[in-house]
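Read the structure below first, then the notes.
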Number of protein chains: 2
Amino acid sequence: MLPRIAIHGGAGTILKSEMSAEKEEAYQWALQQALRRGFEVLHAKGSAVDAVAAAIISLEDCPLFNAGKGSVFNAEGRHEMDASIMSGENLSAGAITGVMNIKNPILLAKTVMLKSEHVFLMGEGAELFARKNHLDFEPDDYFYDEFRYQQWQKIKGTDAIALDHSREKKFGTVGAVAIDSLGNLAAGTSTGGMTNKRYGRIGDSPMIGAGTYANNATCAISCTGHGELFIRSVVAYDISCLMEYKRLSLKDACEMVVHDKLVKIGGEGGLIAIDKEGNIELPFNSEGMYRGWMGGIDDVKTEIYS
Amino acid sequence: MLPRIAIHGGAGTILKSEMSAEKEEAYQWALQQALRRGFEVLHAKGSAVDAVAAAIISLEDCPLFNAGKGSVFNAEGRHEMDASIMSGENLSAGAITGVMNIKNPILLAKTVMLKSEHVFLMGEGAELFARKNHLDFEPDDYFYDEFRYQQWQKIKGTDAIALDHSREKKFGTVGAVAIDSLGNLAAGTSTGGMTNKRYGRIGDSPMIGAGTYANNATCAISCTGHGELFIRSVVAYDISCLMEYKRLSLKDACEMVVHDKLVKIGGEGGLIAIDKEGNIELPFNSEGMYRGWMGGIDDVKTEIYS
């Protein structure tokens with residue numbers, strides 16, 4: 001099996017008319033960097049799980065994306081993060097929600113998958129588990145970004161929430177899916193949530209079945225979009241079920257879920273998908289999605305608009 | 001459509017040899033009470049959502065079941081609860097995890113569904129939302145139960161966790177599914193988690209798709225079992241997909257998921273299910289499941305063992 005990887009950095013109202021050449025290049029560069037970090041792992045016969053984690057760590061460490069270092073401010077001015085990862089080989093999974101000061105939430109999700117008897121941990125409990133497992137923490141300063149801070153200042157104290165750092169609908173999430181040389185699939189997703197988020201809101205990103213799913217029998221999926229509608233539609237597992245039970249191709253399953261079922265309920269967003277043959281789909285029903293895929297040293301592509 | 005309701009009070013190692021006649025009668029009485037509370041709503045032309053909530057409130061208020069008042073002690077000696085509810089009519093849903101001192105978690109989940117733009121809230125944020133919406137809180141004393149306290153004392157300070165109030169595997173959860181006179185389906189689930197639970201563990205009960213799912217096109221499902229395996233198997237939505245995409249009957253879908261797929265991965269537990277024709281299934285692969293259903297004033301049945 002030739003290994004392949006695909007990533008996303010969020011979907012939404014991403015318009016060329018509102019993007020400077022410098023900013024666009026910065027995004028393209030960051031996506032390429034993440035793809036290469038993930039593909040390096042696959043090229044060295046590493047696992048799909050490790051490749052997905054490596055690509056997502058690269059995106060979490062980049063302030064351009066709403067995850068890890070680039071996480072937005074919640075209503076208390078803090079950075080509350082969610083992440084999940086799943087192995088298609090044995091359906092093992094790990095997820096965390098509402099954690100603060102964790103440098104790489106995807107690594108915590110992976111540690112939950114590998115070292116905990118549980119799948120899903122929240123808040124301070126998840127942070128305690130992270131400390132016991134010697135994961136890296138960072139002070140609040142590490143997550144500070146002037147642009148995101150100003151964005152929060154505009155709506156702080158109001159009931160408004162913003163899904164990412166623009167007034168338009170933008171679903172700030174990062175994710176990766178991969179197939180390794182043994183044919184094992186994996187998927188992972190990480191997010192900093194919504195600007196001015198309150199009430200400990202949990203979106204689809206840390207939810208196995210909704211935002212992330214992987215199964216060697218079908219596909220691996222990572223979503224980005226209007227979380228509440230993605231939860232109610234159990235989007236990631238829906239793609240897998242359409243392939244397994246209705247015998248749809250990955251392409252047809254993605255088409256039905258993203259361009260038909262989600263559109264009908266107003267569920268804006270997209271997803272990245274890879275199947276057991278290594279086919280890749282990157283469908284979205286919003287105006288843009290930061291995305292890319294890589295299947296070889298010169299076989300790499302990144303895109304932003306539709 | 002003739003309205004019907006089914007409930008469960010948890011599954012696991014429930015053996016007749018270990019149950020006194022008095023205790024068995026207390027459980028049967030409590031199950032009957034919950035069924036009647038739910039069915040009253042349906043009989044008065046109320047909605048499936050309201051019937052499910054009424055039945056679950058009755059179970060949450062009863063100290064015999066691990067939910068609401070009867071919730072077990074976590075590692076800090078507190079009672080941390082989860083709940084979720086979903087309407088099959090419009091796929092709206094509400095869920096909460098890691099909340100304390102809420103009298104009826106299912107009512108909070110329902111309030112999230114009806115009055116929040118979100119689906120899933122956690123911890124203190126969910127409690128703040130509950131206060132703003134004037135839900136009833138109770139002091140820690142309300143949740144105190146001598147038997148559960150002693151159970152916790154036995155494993156307190158160790159790494160051991162217990163899924164419910166016995167040393168054997170027992171999955172303490174309550175749930176209800178219903179169809180109302182308009183043919184609308186609904187499902188709900190509520191739990192007090194695991195004795196000596198740490199790290200803010202989240203099980204399948206509050207997860208839409210895993211522990212709870214409802215869709216008028218297929219069925220309504222509430223699960224009880226080994227939460228981690230139910231999450232990885234996206235159990236509730238899997239039943240729905242097998243009906244919608246593979247055209248299985250409710251009975252065959254339940255058979256495949258509970259007695260084949262879950263058994264193969266060691267996923268002990270069960271679920272209650274109702275389809276759009278009002279067919280009810282109550283499958284479990286453990287030794288017992290507190291369960292019952294009601295379809296008329298004299299058409300009521302409760303069972304405990306297999």
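Here, A, B, ... name the chains of the structure tokens in the order displayed, residue numbers run from 1 inside each chain, and ligands are numbered from 1 in the same displayed order.
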
Fitted chain B, least squares over ordered Cα pairs with chain A, as a compact mmCIF listing (two decimals) with C-alpha atoms, in the first residue's frame:
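Once written, out-v8.txt looks like this:
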```txt
# COMPACT_ATOMS: atom_id res chain seq x y z
CA MET B 1 0.01 0.03 0.00
CA LEU B 2 1.31 3.48 -0.91
CA PRO B 3 0.84 5.69 2.15
CA ARG B 4 -1.12 8.92 1.85
CA ILE B 5 -2.23 11.71 4.13
CA ALA B 6 -4.78 14.53 3.94
CA ILE B 7 -5.30 17.48 6.28
CA HIS B 8 -7.66 20.38 6.87
CA GLY B 9 -7.30 23.67 8.75
CA GLY B 10 -10.98 24.58 9.01
CA ALA B 11 -13.80 25.53 6.64
CA GLY B 12 -16.18 28.46 6.28
CA THR B 13 -16.36 31.89 4.69
CA ILE B 14 -12.86 31.98 3.30
CA LEU B 15 -12.82 34.39 0.36
CA LYS B 16 -9.95 35.20 -1.97
CA SER B 17 -11.16 38.81 -2.06
CA GLU B 18 -10.45 39.14 1.67
CA MET B 19 -7.07 37.42 1.69
CA SER B 20 -3.74 39.19 1.13
CA ALA B 21 -1.09 37.45 -0.95
CA GLU B 22 1.14 37.27 2.11
CA LYS B 23 -1.56 35.69 4.26
CA GLU B 24 -2.45 33.20 1.56
CA GLU B 25 1.20 32.19 1.22
CA ALA B 26 1.48 31.79 4.99
CA TYR B 27 -1.50 29.42 5.02
CA GLN B 28 -0.21 27.42 2.04
CA TRP B 29 3.20 27.17 3.67
CA ALA B 30 1.72 25.98 6.97
CA LEU B 31 -0.45 23.36 5.25
CA GLN B 32 2.55 22.07 3.26
CA GLN B 33 4.62 21.92 6.42
CA ALA B 34 1.97 19.86 8.22
CA LEU B 35 1.58 17.49 5.28
CA ARG B 36 5.32 16.91 5.12
CA ARG B 37 5.54 16.29 8.88
CA GLY B 38 2.83 13.67 8.59
CA PHE B 39 4.12 12.11 5.42
CA GLU B 40 7.64 11.80 6.84
CA VAL B 41 6.23 9.44 9.43
CA LEU B 42 4.47 7.34 6.79
CA HIS B 43 7.58 7.32 4.56
CA ALA B 44 9.63 5.95 7.45
CA LYS B 45 7.08 3.10 7.78
CA GLY B 46 5.46 4.76 10.76
CA SER B 47 1.80 4.21 11.62
CA ALA B 48 -1.18 6.17 10.33
CA VAL B 49 -1.93 7.14 13.95
CA ASP B 50 1.55 8.65 14.37
CA ALA B 51 1.34 10.41 10.99
CA VAL B 52 -2.03 11.95 11.85
CA ALA B 53 -0.68 13.11 15.22
CA ALA B 54 2.49 14.59 13.62
CA ALA B 55 0.51 16.55 11.03
CA ILE B 56 -1.93 17.86 13.64
CA ILE B 57 0.91 18.86 16.01
CA SER B 58 2.33 20.97 13.18
CA LEU B 59 -1.06 22.68 12.74
CA GLU B 60 -1.53 23.09 16.52
CA ASP B 61 1.89 24.77 16.79
CA CYS B 62 1.00 27.28 14.04
CA PRO B 63 -0.89 30.40 15.25
CA LEU B 64 -2.81 30.63 11.96
CA PHE B 65 -5.17 27.81 12.88
CA ASN B 66 -7.71 27.61 15.71
CA ALA B 67 -6.16 24.71 17.63
CA GLY B 68 -3.29 24.45 20.13
CA LYS B 69 -1.22 27.66 20.08
CA GLY B 70 -3.70 29.44 17.80
CA SER B 71 -6.78 28.67 19.92
CA VAL B 72 -9.35 31.46 20.23
CA PHE B 73 -10.39 33.15 23.50
CA ASN B 74 -13.42 31.82 25.40
CA ALA B 75 -15.78 34.05 27.43
CA GLU B 76 -13.32 34.03 30.37
CA GLY B 77 -10.38 35.00 28.16
CA ARG B 78 -8.89 31.52 28.39
CA HIS B 79 -8.14 28.90 25.74
CA GLU B 80 -10.25 25.77 26.09
CA MET B 81 -9.34 23.00 23.68
CA ASP B 82 -10.77 19.71 22.38
CA ALA B 83 -9.21 16.87 20.38
CA SER B 84 -9.80 13.27 19.36
CA ILE B 85 -7.99 10.50 17.51
CA MET B 86 -9.03 7.05 16.31
CA SER B 87 -7.21 4.03 14.91
CA GLY B 88 -8.97 2.16 12.12
CA GLU B 89 -6.91 -0.95 12.84
CA ASN B 90 -8.59 -1.83 16.16
CA LEU B 91 -11.19 0.94 16.58
CA SER B 92 -9.31 2.24 19.62
CA ALA B 93 -9.88 5.92 20.30
CA GLY B 94 -8.97 8.77 22.63
CA ALA B 95 -10.59 12.16 23.13
CA ILE B 96 -10.41 15.15 25.47
CA THR B 97 -12.60 18.22 25.89
CA GLY B 98 -12.35 21.51 27.74
CA VAL B 99 -8.64 21.30 28.54
CA MET B 100 -6.46 24.35 29.15
CA ASN B 101 -2.72 25.00 28.86
CA ILE B 102 -2.00 21.71 27.09
CA LYS B 103 0.56 22.41 24.35
CA ASN B 104 -0.67 19.70 21.99
CA PRO B 105 -4.20 18.46 22.69
CA ILE B 106 -3.90 15.80 19.96
CA LEU B 107 -1.01 14.21 21.90
CA LEU B 108 -3.20 14.11 25.00
CA ALA B 109 -5.98 12.43 23.00
CA LYS B 110 -3.44 9.92 21.71
CA THR B 111 -2.17 9.28 25.25
CA VAL B 112 -5.76 8.68 26.42
CA MET B 113 -6.14 6.18 23.57
CA LEU B 114 -2.92 4.34 24.37
CA LYS B 115 -2.58 4.57 28.17
CA SER B 116 -6.07 4.97 29.63
CA GLU B 117 -8.88 2.49 30.06
CA HIS B 118 -11.16 5.34 29.03
CA VAL B 119 -11.89 6.97 25.68
CA PHE B 120 -13.10 10.45 26.62
CA LEU B 121 -11.83 12.72 29.42
CA MET B 122 -12.85 16.28 30.26
CA GLY B 123 -11.49 19.44 31.88
CA GLU B 124 -9.34 19.32 35.01
CA GLY B 125 -9.51 15.53 35.10
CA ALA B 126 -8.01 15.35 31.62
CA GLU B 127 -5.31 17.87 32.66
CA LEU B 128 -4.46 15.74 35.71
CA PHE B 129 -4.12 12.72 33.43
CA ALA B 130 -1.86 14.81 31.17
CA ARG B 131 0.41 15.74 34.11
CA LYS B 132 0.68 12.12 35.22
CA ASN B 133 1.75 11.24 31.70
CA HIS B 134 4.27 14.10 31.48
CA LEU B 135 2.68 15.95 28.57
CA ASP B 136 3.89 19.50 27.87
CA PHE B 137 1.96 22.39 29.41
CA GLU B 138 2.28 26.03 28.37
CA PRO B 139 1.32 29.22 30.25
CA ASP B 140 -1.60 31.36 29.00
CA ASP B 141 0.92 33.68 27.30
CA TYR B 142 1.87 30.94 24.86
CA PHE B 143 -1.67 30.96 23.48
CA TYR B 144 -1.88 34.78 23.25
CA ASP B 145 -2.40 36.25 19.80
CA GLU B 146 -3.13 39.96 19.31
CA PHE B 147 -5.52 39.40 16.41
CA ARG B 148 -7.57 36.80 18.28
CA TYR B 149 -7.55 38.94 21.42
CA GLN B 150 -8.97 41.91 19.51
CA GLN B 151 -11.56 39.62 17.97
CA TRP B 152 -12.65 38.56 21.45
CA GLN B 153 -12.67 42.16 22.75
CA LYS B 154 -15.26 43.04 20.11
CA ILE B 155 -17.82 40.58 21.46
CA LYS B 156 -16.68 40.10 25.06
CA GLY B 157 -19.49 40.60 27.57
CA THR B 158 -22.15 40.01 24.93
CA ASP B 159 -24.01 36.82 24.16
CA ALA B 160 -22.36 36.64 20.77
CA ILE B 161 -20.09 33.78 19.91
CA ALA B 162 -17.85 33.48 16.92
CA LEU B 163 -16.84 30.15 15.51
CA ASP B 164 -13.40 31.50 14.66
CA HIS B 165 -11.42 34.65 14.20
CA SER B 166 -13.64 36.37 11.65
CA ARG B 167 -17.12 37.81 11.84
CA GLU B 168 -18.19 35.48 9.08
CA LYS B 169 -18.90 31.85 9.69
CA LYS B 170 -15.58 30.13 9.93
CA PHE B 171 -15.16 26.79 11.58
CA GLY B 172 -11.76 26.79 13.21
CA THR B 173 -10.60 23.22 13.46
CA VAL B 174 -7.64 21.22 12.22
CA GLY B 175 -7.59 17.56 11.29
CA ALA B 176 -5.77 14.78 9.48
CA VAL B 177 -6.53 11.37 8.00
CA ALA B 178 -3.96 8.87 6.74
CA ILE B 179 -3.33 5.39 5.44
CA ASP B 180 0.03 3.79 6.22
CA SER B 181 2.11 1.22 4.35
CA LEU B 182 0.33 -1.61 6.18
CA GLY B 183 -3.05 -0.31 5.03
CA ASN B 184 -4.08 0.93 8.46
CA LEU B 185 -6.27 4.02 8.61
CA ALA B 186 -6.39 6.76 11.25
CA ALA B 187 -8.14 10.08 11.81
CA GLY B 188 -7.67 12.96 14.23
CA THR B 189 -9.22 16.37 14.92
CA SER B 190 -8.25 19.30 17.19
CA THR B 191 -9.85 22.67 17.92
CA GLY B 192 -9.75 25.75 20.13
CA GLY B 193 -13.53 26.07 19.94
CA MET B 194 -15.45 29.30 19.50
CA THR B 195 -14.48 32.87 20.41
CA ASN B 196 -16.39 33.99 23.53
CA LYS B 197 -17.57 30.38 24.08
CA ARG B 198 -19.51 29.85 27.32
CA TYR B 199 -21.17 27.08 29.30
CA GLY B 200 -18.43 24.55 28.58
CA ARG B 201 -19.82 23.96 25.10
CA ILE B 202 -18.56 20.76 23.46
CA GLY B 203 -18.59 20.60 19.65
CA ASP B 204 -18.18 17.66 17.31
CA SER B 205 -14.36 17.70 17.21
CA PRO B 206 -13.77 15.52 20.31
CA MET B 207 -16.76 13.27 19.62
CA ILE B 208 -15.93 9.87 18.15
CA GLY B 209 -18.55 9.22 15.46
CA ALA B 210 -19.41 12.90 14.94
CA GLY B 211 -16.14 14.77 14.26
CA THR B 212 -13.70 11.87 13.99
CA TYR B 213 -13.97 8.22 12.94
CA ALA B 214 -11.66 5.57 11.50
CA ASN B 215 -12.25 1.95 10.54
CA ASN B 216 -9.97 -0.12 8.30
CA ALA B 217 -13.09 -1.75 6.82
CA THR B 218 -14.29 1.56 5.38
CA CYS B 219 -12.60 4.94 5.84
CA ALA B 220 -11.08 7.58 8.11
CA ILE B 221 -12.82 10.95 8.54
CA SER B 222 -12.08 14.30 10.21
CA CYS B 223 -14.76 17.02 10.14
CA THR B 224 -14.87 20.80 10.41
CA GLY B 225 -18.10 22.72 10.49
CA HIS B 226 -21.12 23.80 12.50
CA GLY B 227 -20.48 21.39 15.39
CA GLU B 228 -24.02 21.12 16.71
CA LEU B 229 -25.38 20.00 13.36
CA PHE B 230 -22.46 17.64 12.83
CA ILE B 231 -23.21 16.02 16.23
CA ARG B 232 -26.91 15.59 15.46
CA SER B 233 -25.99 14.06 12.09
CA VAL B 234 -23.21 11.81 13.50
CA VAL B 235 -21.36 12.86 10.35
CA ALA B 236 -18.09 10.89 10.48
CA TYR B 237 -19.72 7.54 11.27
CA ASP B 238 -22.48 8.25 8.75
CA ILE B 239 -19.91 8.24 5.91
CA SER B 240 -18.57 4.92 7.18
CA CYS B 241 -22.07 3.39 7.42
CA LEU B 242 -23.01 4.53 3.92
CA MET B 243 -19.93 2.67 2.65
CA GLU B 244 -20.36 -0.44 4.78
CA TYR B 245 -24.13 -0.89 4.71
CA LYS B 246 -25.23 0.88 1.52
CA ARG B 247 -22.09 -0.01 -0.44
CA LEU B 248 -21.48 3.56 -1.60
CA SER B 249 -18.01 4.61 -2.74
CA LEU B 250 -16.15 7.10 -0.53
CA LYS B 251 -16.88 9.79 -3.12
CA ASP B 252 -20.63 9.07 -3.23
CA ALA B 253 -20.90 8.81 0.56
CA CYS B 254 -19.15 12.19 0.95
CA GLU B 255 -21.37 13.71 -1.72
CA MET B 256 -24.53 12.50 0.00
CA VAL B 257 -23.53 13.64 3.50
CA VAL B 258 -21.80 16.96 2.77
CA HIS B 259 -23.72 18.20 -0.27
CA ASP B 260 -27.16 16.77 0.46
CA LYS B 261 -27.90 15.71 4.06
CA LEU B 262 -25.93 18.50 5.76
CA VAL B 263 -27.09 21.18 3.31
CA LYS B 264 -30.74 20.29 3.99
CA ILE B 265 -30.35 21.04 7.71
CA GLY B 266 -28.10 24.08 7.22
CA GLY B 267 -25.01 22.23 8.39
CA GLU B 268 -22.21 24.29 6.91
CA GLY B 269 -18.70 22.86 6.79
CA GLY B 270 -16.68 20.03 5.32
CA LEU B 271 -14.53 17.03 6.01
CA ILE B 272 -11.48 15.13 4.83
CA ALA B 273 -11.74 11.43 4.06
CA ILE B 274 -9.54 8.55 3.00
CA ASP B 275 -10.65 4.99 2.27
CA LYS B 276 -8.92 1.62 2.49
CA GLU B 277 -7.77 1.89 -1.15
CA GLY B 278 -6.15 5.24 -0.41
CA ASN B 279 -8.76 7.32 -2.24
CA ILE B 280 -8.99 10.83 -0.83
CA GLU B 281 -12.01 13.15 -0.77
CA LEU B 282 -12.02 16.71 0.60
CA PRO B 283 -15.67 17.83 0.29
CA PHE B 284 -17.11 21.04 1.79
CA ASN B 285 -20.31 23.03 1.31
CA SER B 286 -18.89 26.35 2.58
CA GLU B 287 -16.97 28.87 0.50
CA GLY B 288 -13.59 27.53 1.38
CA MET B 289 -11.65 24.97 3.38
CA TYR B 290 -7.94 25.01 4.17
CA ARG B 291 -6.89 21.60 2.91
CA GLY B 292 -4.25 19.47 1.29
CA TRP B 293 -3.02 15.96 0.63
CA MET B 294 0.27 14.23 0.01
CA GLY B 295 1.12 10.85 -1.52
CA GLY B 296 4.82 11.22 -2.33
CA ILE B 297 7.75 13.57 -2.10
CA ASP B 298 6.56 15.54 -5.15
CA ASP B 299 2.91 14.51 -4.97
CA VAL B 300 1.61 17.23 -2.68
CA LYS B 301 -1.23 19.70 -3.12
CA THR B 302 -2.76 22.40 -0.92
CA GLU B 303 -5.90 24.45 -1.62
CA ILE B 304 -8.01 27.09 0.13
CA TYR B 305 -11.00 28.12 -2.02
CA SER B 306 -13.65 26.08 -3.78
```

- Task: Give me every alpha helix (DSSP H) residue in stretch 59-235 of chain B, going by DSSP on the backbone, as number ranges by chain.
- Result: B: 59-60, 105-115, 123-132, 146-155, 227-232, 235

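Note that DSSP on the backbone gives strand (DSSP E) to these residues of stretch 183-275 of chain A: Leu185, Ala186, Ala187, Gly188, Thr189, Ser190, Thr191, Arg201, Ile202, Thr212, Tyr213, Ala214, Cys219, Ala220, Ile221, Ser222, Cys223, Thr224, Gly225, Gly269, Gly270, Leu271, Ile272, Ala273, Ile274 and Asp275 of chain A.
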